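Written out below as structure tokens is the structure these notes cover.
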Amino acid sequence: MYSEVVEEIAREFVDNPADFVTEYDLQARHHECLRNKLRTQDCLSAEVEQTSFENTTSYKQDQWQAVQSAFLEQGLTRVHGEVSKEKNNRFDIVVLNERLTHPVRWIDGVKKFDERDFSAVIELKFVKNKDKFPTHARSTRLGSHHEDGEIQDELDFGPNKIKEDLERLTDLPDSVETYLALYSNKNYLYTEPVSERERNYHEYSRIGRLARQQIEEMANETNVLYAMPRGYTWISEQ
């Protein structure tokens, strides 16, 4: 189901790229679509078995006790955005299991979930203004006289944190379905269809091809989809 949702949003982007102004628009559509699909299957709710409230100031006791009661009595919906696994480690979209068997923690008002209670995680990247995949070298220094291996060494996965996101997704338990959805306004990974004008930039195209190969190698068990205004493709599909 999760791959179908990721593809569905990619098709929407191809049909009308102008309707997606920010990365938040992509996040909101994934959130909406996942909730709708789980609702129709009557499995949108998650049951919470345990809570763990820490470092909550005593004079707010009434508030956190009310939250704890609601967790245990009513549960919560399974789809959430910006979910914290730990400090400074948030995921764009998380779908929780139908039953959370590990404590939901509440630390000074911040809810943290155990990764073993994740069903799926989707990370999103919206690259708006890059004509080519980033490299450490200036584009004028990369030419046809360079071997593929030399160009691969110059690929820079830092600016958009693609490598970092793939590593975070790989660190999740094997039971979690993981996705990285890359969106580009300018087809910086140079997937087909490519315009005749774009074909003139042979080295940009080669950089894109080598970047796709590298992403596929780094993906491990993560599904990676790439979408640009004229089409989308799975770079890695498990």
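Naming scheme: A, B, ... for chains in displayed order of the structure tokens; residues 1 onward per chain; ligands 1 onward as shown.
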
Write out as a VMD selection string the set of residues from region 71-122 of chain A that DSSP, computed on the backbone, places in alpha helix (DSSP H). chain A and resid 71 to 74

Let's have the selection written as a short mmCIF file (atom, residue, chain, number, x, y, z; two decimals), in the first residue's frame, with all heavy atoms.
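Writing done, so here's again-v9.cif:
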data_model
loop_
_atom_site.label_atom_id
_atom_site.label_comp_id
_atom_site.auth_asym_id
_atom_site.auth_seq_id
_atom_site.Cartn_x
_atom_site.Cartn_y
_atom_site.Cartn_z
N PHE A 71 -4.26 8.81 25.86
CA PHE A 71 -3.45 7.84 25.12
C PHE A 71 -3.96 6.41 25.37
O PHE A 71 -4.20 5.65 24.43
CB PHE A 71 -1.99 7.90 25.59
CG PHE A 71 -1.10 8.76 24.73
CD1 PHE A 71 -0.19 9.62 25.33
CD2 PHE A 71 -1.14 8.70 23.36
CE1 PHE A 71 0.64 10.41 24.57
CE2 PHE A 71 -0.32 9.47 22.58
CZ PHE A 71 0.58 10.34 23.19
N LEU A 72 -4.11 6.06 26.61
CA LEU A 72 -4.43 4.68 26.97
C LEU A 72 -5.88 4.33 26.66
O LEU A 72 -6.19 3.19 26.30
CB LEU A 72 -4.13 4.45 28.45
CG LEU A 72 -2.64 4.61 28.84
CD1 LEU A 72 -2.48 4.50 30.35
CD2 LEU A 72 -1.80 3.56 28.13
N GLU A 73 -6.79 5.28 26.79
CA GLU A 73 -8.20 5.00 26.58
C GLU A 73 -8.62 5.10 25.12
O GLU A 73 -9.45 4.32 24.64
CB GLU A 73 -9.05 5.96 27.42
CG GLU A 73 -8.90 5.75 28.92
CD GLU A 73 -9.61 6.82 29.72
OE1 GLU A 73 -10.37 7.61 29.11
OE2 GLU A 73 -9.40 6.89 30.94
N GLN A 74 -8.08 6.08 24.40
CA GLN A 74 -8.52 6.35 23.04
C GLN A 74 -7.52 5.96 21.97
O GLN A 74 -7.86 5.88 20.79
CB GLN A 74 -8.87 7.83 22.89
CG GLN A 74 -9.95 8.31 23.84
CD GLN A 74 -10.23 9.79 23.65
OE1 GLN A 74 -10.28 10.29 22.53
NE2 GLN A 74 -10.42 10.51 24.75
#

Could you give me, as a Markdown table, a per-residue list for region 101-198 of chain A showing, wherever an atom lies at most 9 Å from an atom of region 80-83 of chain A, the closest pair of atoms and their distance in Å to one decimal, using only C-alpha atoms and sorting by chain then residue number from low to high?
| residue | atom | partner | partner_atom | distance |
| --- | --- | --- | --- | --- |
| A:Lys111 | CA | A:Val83 | CA | 8.2 |
| A:Lys112 | CA | A:Val83 | CA | 7.2 |
| A:Phe113 | CA | A:Val83 | CA | 7.6 |

Suppose we keep N, CA and C atoms; can you now write the selection as a short mmCIF file (atom, residue, chain, number, x, y, z; two decimals), in the first residue's frame?
data_model
loop_
_atom_site.label_atom_id
_atom_site.label_comp_id
_atom_site.auth_asym_id
_atom_site.auth_seq_id
_atom_site.Cartn_x
_atom_site.Cartn_y
_atom_site.Cartn_z
N LYS A 111 6.41 14.18 22.37
CA LYS A 111 6.08 12.76 22.28
C LYS A 111 7.13 12.05 21.42
N LYS A 112 7.64 10.94 21.94
CA LYS A 112 8.62 10.14 21.22
C LYS A 112 8.14 8.70 21.16
N PHE A 113 8.28 8.11 19.97
CA PHE A 113 7.80 6.76 19.74
C PHE A 113 8.97 5.81 19.54
#

Check the smallest atom-to-atom distance from each of A:Leu169, A:Val176, A:Val6, A:Ile162 to Ala211 (chain A) using only C-alpha atoms, then report the winner. A:Ile162

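Of the listed residues A:Lys85, A:Arg212, A:His136, A:Lys130, the one whose atoms come nearest to Val104 (chain A) is A:Lys85, with distances taken using only C-alpha atoms.
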
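Compared by their closest atoms to Pro159 (chain A), and using only C-alpha atoms, the residues A:Leu172, A:Pro134, A:Arg90, A:Glu217 rank with A:Pro134 nearest.
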
Which of region 8-175 of chain A end up as strand (DSSP E or B) when DSSP is run on this backbone - answer as an MDAnalysis selection string? chainID A and resid 45:48 51:54 76:77 79:86 89:96 99:100 104:107 110:112 118:127 135 155

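Close contacts of Pro173 (chain A), defined as residues with an atom at most 10 Å away when counting only C-alpha atoms, with chain neighbours fewer than 4 positions off set aside, comprise Glu115, Arg116, Asp117, Phe118, Ser119, Leu169, Glu177 and Thr178 of chain A.
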
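Minimum distance to Glu8 (chain A) across A:Glu123, A:Glu216, A:Glu23, A:Glu32 (counting only C-alpha atoms) occurs at A:Glu32.
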
Excluding same-chain residues fewer than 2 positions from Cys33 (chain A), what lies within 12 Å of it counting only C-alpha atoms, as a PyMOL selection string? chain A and resi 1-9+12+26-31+35-40+44+79-80+93+95

Please produce a file of those selected residues containing C-alpha atoms, as a PDB file, in the first residue's frame.
ATOM      1  CA  MET A   1       0.000   0.000   0.000  1.00  0.00           C
ATOM      2  CA  TYR A   2       2.782   2.435   0.910  1.00  0.00           C
ATOM      3  CA  SER A   3       4.484   2.228  -2.486  1.00  0.00           C
ATOM      4  CA  GLU A   4       1.114   2.874  -4.131  1.00  0.00           C
ATOM      5  CA  VAL A   5       0.706   6.065  -2.106  1.00  0.00           C
ATOM      6  CA  VAL A   6       4.235   7.274  -2.927  1.00  0.00           C
ATOM      7  CA  GLU A   7       3.567   6.635  -6.632  1.00  0.00           C
ATOM      8  CA  GLU A   8       0.176   8.325  -6.463  1.00  0.00           C
ATOM      9  CA  ILE A   9       1.687  11.562  -5.129  1.00  0.00           C
ATOM     10  CA  GLU A  12       0.090  14.178  -9.035  1.00  0.00           C
ATOM     11  CA  LEU A  26       4.323  16.998  -0.471  1.00  0.00           C
ATOM     12  CA  GLN A  27       4.262  16.074   3.196  1.00  0.00           C
ATOM     13  CA  ALA A  28       0.649  17.161   3.566  1.00  0.00           C
ATOM     14  CA  ARG A  29      -0.491  15.116   0.559  1.00  0.00           C
ATOM     15  CA  HIS A  30       1.267  11.964   1.787  1.00  0.00           C
ATOM     16  CA  HIS A  31      -0.256  12.504   5.216  1.00  0.00           C
ATOM     17  CA  ARG A  35      -4.930   8.560   6.427  1.00  0.00           C
ATOM     18  CA  ASN A  36      -7.699   8.251   3.837  1.00  0.00           C
ATOM     19  CA  LYS A  37      -6.535   4.802   2.706  1.00  0.00           C
ATOM     20  CA  LEU A  38      -6.194   3.475   6.247  1.00  0.00           C
ATOM     21  CA  ARG A  39      -9.590   4.942   7.161  1.00  0.00           C
ATOM     22  CA  THR A  40     -11.281   3.093   4.290  1.00  0.00           C
ATOM     23  CA  LEU A  44      -6.464   4.112  11.046  1.00  0.00           C
ATOM     24  CA  VAL A  79      -0.165   8.541  10.471  1.00  0.00           C
ATOM     25  CA  HIS A  80       1.879  11.473  11.738  1.00  0.00           C
ATOM     26  CA  ILE A  93       5.992  10.813   7.658  1.00  0.00           C
ATOM     27  CA  VAL A  95       2.871   5.206   9.935  1.00  0.00           C
TER      28      VAL A  95
END

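Across the structure, CA of Tyr24 (chain A) and CA of Ala46 (chain A) are spaced 24.5 Å apart.
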
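If you measure from each of A:Arg105, A:Asn97, A:Gly208, A:Ser69 to Ser84 (chain A) using only C-alpha atoms, the closest one turns out to be A:Arg105.
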
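Ranking A:Gln214, A:Asn16, A:Asn220, A:Thr101 by their shortest atom-to-atom distance to Asn185 (chain A), with only C-alpha atoms included, puts A:Asn16 first.
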
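In this structure, CA of Ala18 (chain A) sits 17.7 Å away from CA of Asp131 (chain A).
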